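*Asks:* Have a look at the structure that comes next, please.
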Amino acid sequence: LWAANNKMIINMAKTKELVFHRPHPRLHISVTPIFCIEQVLEAKLLGVYFNSNLKFVSHVSNILKQCSQRSFLIKQLQCQGLSKKHLGIVFEAIILSRIRYCLPAWAGFITKELEGQIDAFLRRMFLYGYCLKCYTVHDLIASSDFELFKSISRNSHCLNQLLQHKIAGSYNLRSRGHNYELPLCTTTYFKQSCINRCLYNYV
């Protein structure tokens, strides 16, 4: 109906239905598939693999596979005598950028095990001499969240409308990282979503 009202044609062959559900099997509700649209458990959207239970196991696995393949190029450059400084530049351009891609969108939902896999890969890259410092996924998430929150705090940003209204009043409260209202989060998934995570981390 939305597509019809906006004079858009849906390509049914490329359209998938992904139903997100609670992780506990007893709370899972089966949904009848939409007519002519395939219902899937996993879908790729703008380079990010979304799963019906928001675990992002496939996405992290795909990232590490791509980064391992790209590390072979850095190894060849290292064998050709490229300096460590320039190896670090190439590492940030082709590997670190891949890990950082859309990081705020999925970082809040990965498990400690997945974090450990990414950290183990980054440690190997440092030991091989491919980068100038030993990165951790925790630091990458923190820097990505900070840059995103700084951007969406501008009124001109398209995501600014997702922030709660600024707190009004002349009370002399303690200094805060921002003056937005904190949403009421009753579930872990909701609190770990991108915008809410930033609001609580930088309060």
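The chains in the structure tokens are called A, B, ... from first to last as shown; in each chain the residues are counted from 1, and the ligands are counted from 1 in the order shown.
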For Leu77 in chain A, work out the shell of residues within 10 Å, counting only C-alpha atoms and skipping chain neighbours fewer than 5 positions away, then give it as a PyMOL selection string.
*Replies:* chain A and resi 71-72+82-83+86-87+90+130
*Asks:* Can you check which residues of chain A DSSP gives as alpha helix (DSSP H) on the backbone and send them as a ChimeraX atom specification?
*Replies:* /A:2-5,57-79,84-91,97-100,103-106,112-127,137-152,188-192,194-201
*Asks:* Calculate how many Å separate CA of Thr15 in chain A from CA of Ile34 in chain A, rounding to one decimal.
*Replies:* 10.6 Å
*Asks:* Provide the CA of Cys194 in chain A to CA of Ala105 in chain A distance in Å, to one decimal place.
*Replies:* 5.7 Å
*Asks:* As number ranges by chain, please: all residues of range 33-119 of chain A that backbone DSSP puts in strand (DSSP E or B).
*Replies:* A: 38-40, 42-45, 48-51
*Asks:* For the selection just defined, write its residues with N, CA, C and O atoms to a file, as an mmCIF file, in the first residue's frame.
*Replies:*
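Now in part-v5.cif:
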```cif
data_model
loop_
_atom_site.group_PDB
_atom_site.id
_atom_site.type_symbol
_atom_site.label_atom_id
_atom_site.label_comp_id
_atom_site.auth_asym_id
_atom_site.auth_seq_id
_atom_site.Cartn_x
_atom_site.Cartn_y
_atom_site.Cartn_z
ATOM 1 N N GLU A 38 9.081 -14.166 -0.467
ATOM 2 C CA GLU A 38 9.783 -15.232 0.249
ATOM 3 C C GLU A 38 10.126 -14.782 1.669
ATOM 4 O O GLU A 38 10.663 -13.703 1.880
ATOM 5 N N GLN A 39 9.815 -15.632 2.640
ATOM 6 C CA GLN A 39 10.166 -15.356 4.035
ATOM 7 C C GLN A 39 11.497 -16.049 4.342
ATOM 8 O O GLN A 39 11.630 -17.254 4.144
ATOM 9 N N VAL A 40 12.464 -15.289 4.812
ATOM 10 C CA VAL A 40 13.809 -15.810 5.051
ATOM 11 C C VAL A 40 14.198 -15.598 6.508
ATOM 12 O O VAL A 40 13.599 -14.793 7.229
ATOM 13 N N GLU A 42 17.444 -14.869 7.189
ATOM 14 C CA GLU A 42 18.600 -13.979 7.119
ATOM 15 C C GLU A 42 18.560 -13.207 5.818
ATOM 16 O O GLU A 42 18.164 -13.752 4.777
ATOM 17 N N ALA A 43 18.943 -11.939 5.870
ATOM 18 C CA ALA A 43 18.925 -11.111 4.671
ATOM 19 C C ALA A 43 20.075 -10.116 4.713
ATOM 20 O O ALA A 43 20.477 -9.655 5.786
ATOM 21 N N LYS A 44 20.595 -9.792 3.542
ATOM 22 C CA LYS A 44 21.691 -8.829 3.426
ATOM 23 C C LYS A 44 21.114 -7.480 3.007
ATOM 24 O O LYS A 44 20.430 -7.376 1.993
ATOM 25 N N LEU A 45 21.373 -6.469 3.802
ATOM 26 C CA LEU A 45 20.869 -5.130 3.523
ATOM 27 C C LEU A 45 22.022 -4.141 3.592
ATOM 28 O O LEU A 45 22.619 -3.949 4.658
ATOM 29 N N VAL A 48 25.168 -5.479 5.212
ATOM 30 C CA VAL A 48 25.071 -6.012 6.573
ATOM 31 C C VAL A 48 24.102 -7.193 6.569
ATOM 32 O O VAL A 48 22.995 -7.094 6.042
ATOM 33 N N TYR A 49 24.541 -8.321 7.148
ATOM 34 C CA TYR A 49 23.696 -9.505 7.235
ATOM 35 C C TYR A 49 22.847 -9.439 8.503
ATOM 36 O O TYR A 49 23.373 -9.491 9.615
ATOM 37 N N PHE A 50 21.537 -9.325 8.323
ATOM 38 C CA PHE A 50 20.605 -9.290 9.441
ATOM 39 C C PHE A 50 19.976 -10.664 9.609
ATOM 40 O O PHE A 50 19.523 -11.268 8.636
ATOM 41 N N ASN A 51 19.950 -11.138 10.852
ATOM 42 C CA ASN A 51 19.356 -12.430 11.175
ATOM 43 C C ASN A 51 18.075 -12.197 11.964
ATOM 44 O O ASN A 51 17.923 -11.183 12.627
#
```
*Asks:* Out of A:Val57, A:Cys185, A:Ile37, A:Leu1, which residue has the shortest atom-to-atom distance to Leu114 in chain A when counting only C-alpha atoms?
*Replies:*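 Under the stated criterion, the closest residue is A:Val57.
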*Asks:* As an exercise, work out the distance from CA of Phe35 in chain A to CA of Arg22 in chain A in Å and give it to one decimal place.
*Replies:*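 So the answer is 23.8 Å.
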*Asks:* Of the candidates A:Ile95, A:Lys75, A:Val19, A:His28, which one gets nearest to Ser52 in chain A if we count only C-alpha atoms?
*Replies:* A:Val19
*Asks:* For each of A:Gln80, A:Gly129, A:Thr136, A:Gly47, take the minimum atom-to-atom distance to Arg98 in chain A, counting only C-alpha atoms, then give the residue where this is smallest.
*Replies:*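 Checking each of A:Gln80, A:Gly129, A:Thr136, A:Gly47 against Arg98 in chain A, counting only C-alpha atoms, the winner is A:Gly47.
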*Asks:* Could you check which of A:Lys55, A:Lys133, A:Lys84, A:Arg124 is closest to Lys112 in chain A, using only C-alpha atoms?
*Replies:*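 When distances to Lys112 in chain A are compared using only C-alpha atoms, the smallest one comes from A:Lys55.
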*Asks:* Can you tell me, as a ChimeraX atom specification, what residues are no more than 12 Å from Ile110 in chain A when counting only C-alpha atoms, ignoring any on the same chain fewer than 3 positions away?
*Replies:* /A:50-51,53-61,103-107,113-118,137-138,141,189,192-193
*Asks:* Only C-alpha atoms, please: the residues just picked out, written as a PDB file, in the first residue's frame.
*Replies:*
```
ATOM      1  CA  PHE A  50      20.605  -9.290   9.441  1.00  0.00           C
ATOM      2  CA  ASN A  51      19.356 -12.430  11.175  1.00  0.00           C
ATOM      3  CA  ASN A  53      17.291 -13.231  16.117  1.00  0.00           C
ATOM      4  CA  LEU A  54      19.704 -10.258  15.765  1.00  0.00           C
ATOM      5  CA  LYS A  55      22.796 -12.340  16.575  1.00  0.00           C
ATOM      6  CA  PHE A  56      24.942 -11.134  13.624  1.00  0.00           C
ATOM      7  CA  VAL A  57      27.002 -14.342  13.608  1.00  0.00           C
ATOM      8  CA  SER A  58      26.918 -14.519   9.793  1.00  0.00           C
ATOM      9  CA  HIS A  59      27.855 -10.858   9.470  1.00  0.00           C
ATOM     10  CA  VAL A  60      30.929 -11.132  11.690  1.00  0.00           C
ATOM     11  CA  SER A  61      31.956 -14.353   9.957  1.00  0.00           C
ATOM     12  CA  LEU A 103      29.494  -0.706  13.109  1.00  0.00           C
ATOM     13  CA  PRO A 104      27.044   1.305  15.270  1.00  0.00           C
ATOM     14  CA  ALA A 105      24.128  -0.550  13.674  1.00  0.00           C
ATOM     15  CA  TRP A 106      25.205  -4.042  14.766  1.00  0.00           C
ATOM     16  CA  ALA A 107      27.805  -3.516  17.511  1.00  0.00           C
ATOM     17  CA  GLU A 113      32.427 -14.646  21.701  1.00  0.00           C
ATOM     18  CA  LEU A 114      32.091 -12.637  18.487  1.00  0.00           C
ATOM     19  CA  GLU A 115      33.986  -9.732  20.045  1.00  0.00           C
ATOM     20  CA  GLY A 116      36.738 -12.189  20.948  1.00  0.00           C
ATOM     21  CA  GLN A 117      36.948 -13.416  17.345  1.00  0.00           C
ATOM     22  CA  ILE A 118      37.376  -9.890  16.006  1.00  0.00           C
ATOM     23  CA  VAL A 137      36.622  -3.963  18.813  1.00  0.00           C
ATOM     24  CA  HIS A 138      35.609  -2.153  22.019  1.00  0.00           C
ATOM     25  CA  ILE A 141      32.768   0.720  18.724  1.00  0.00           C
ATOM     26  CA  TYR A 189      17.907  -5.177  22.839  1.00  0.00           C
ATOM     27  CA  GLN A 192      21.645  -1.661  22.939  1.00  0.00           C
ATOM     28  CA  SER A 193      20.216  -0.244  19.729  1.00  0.00           C
TER      29      SER A 193
END
```
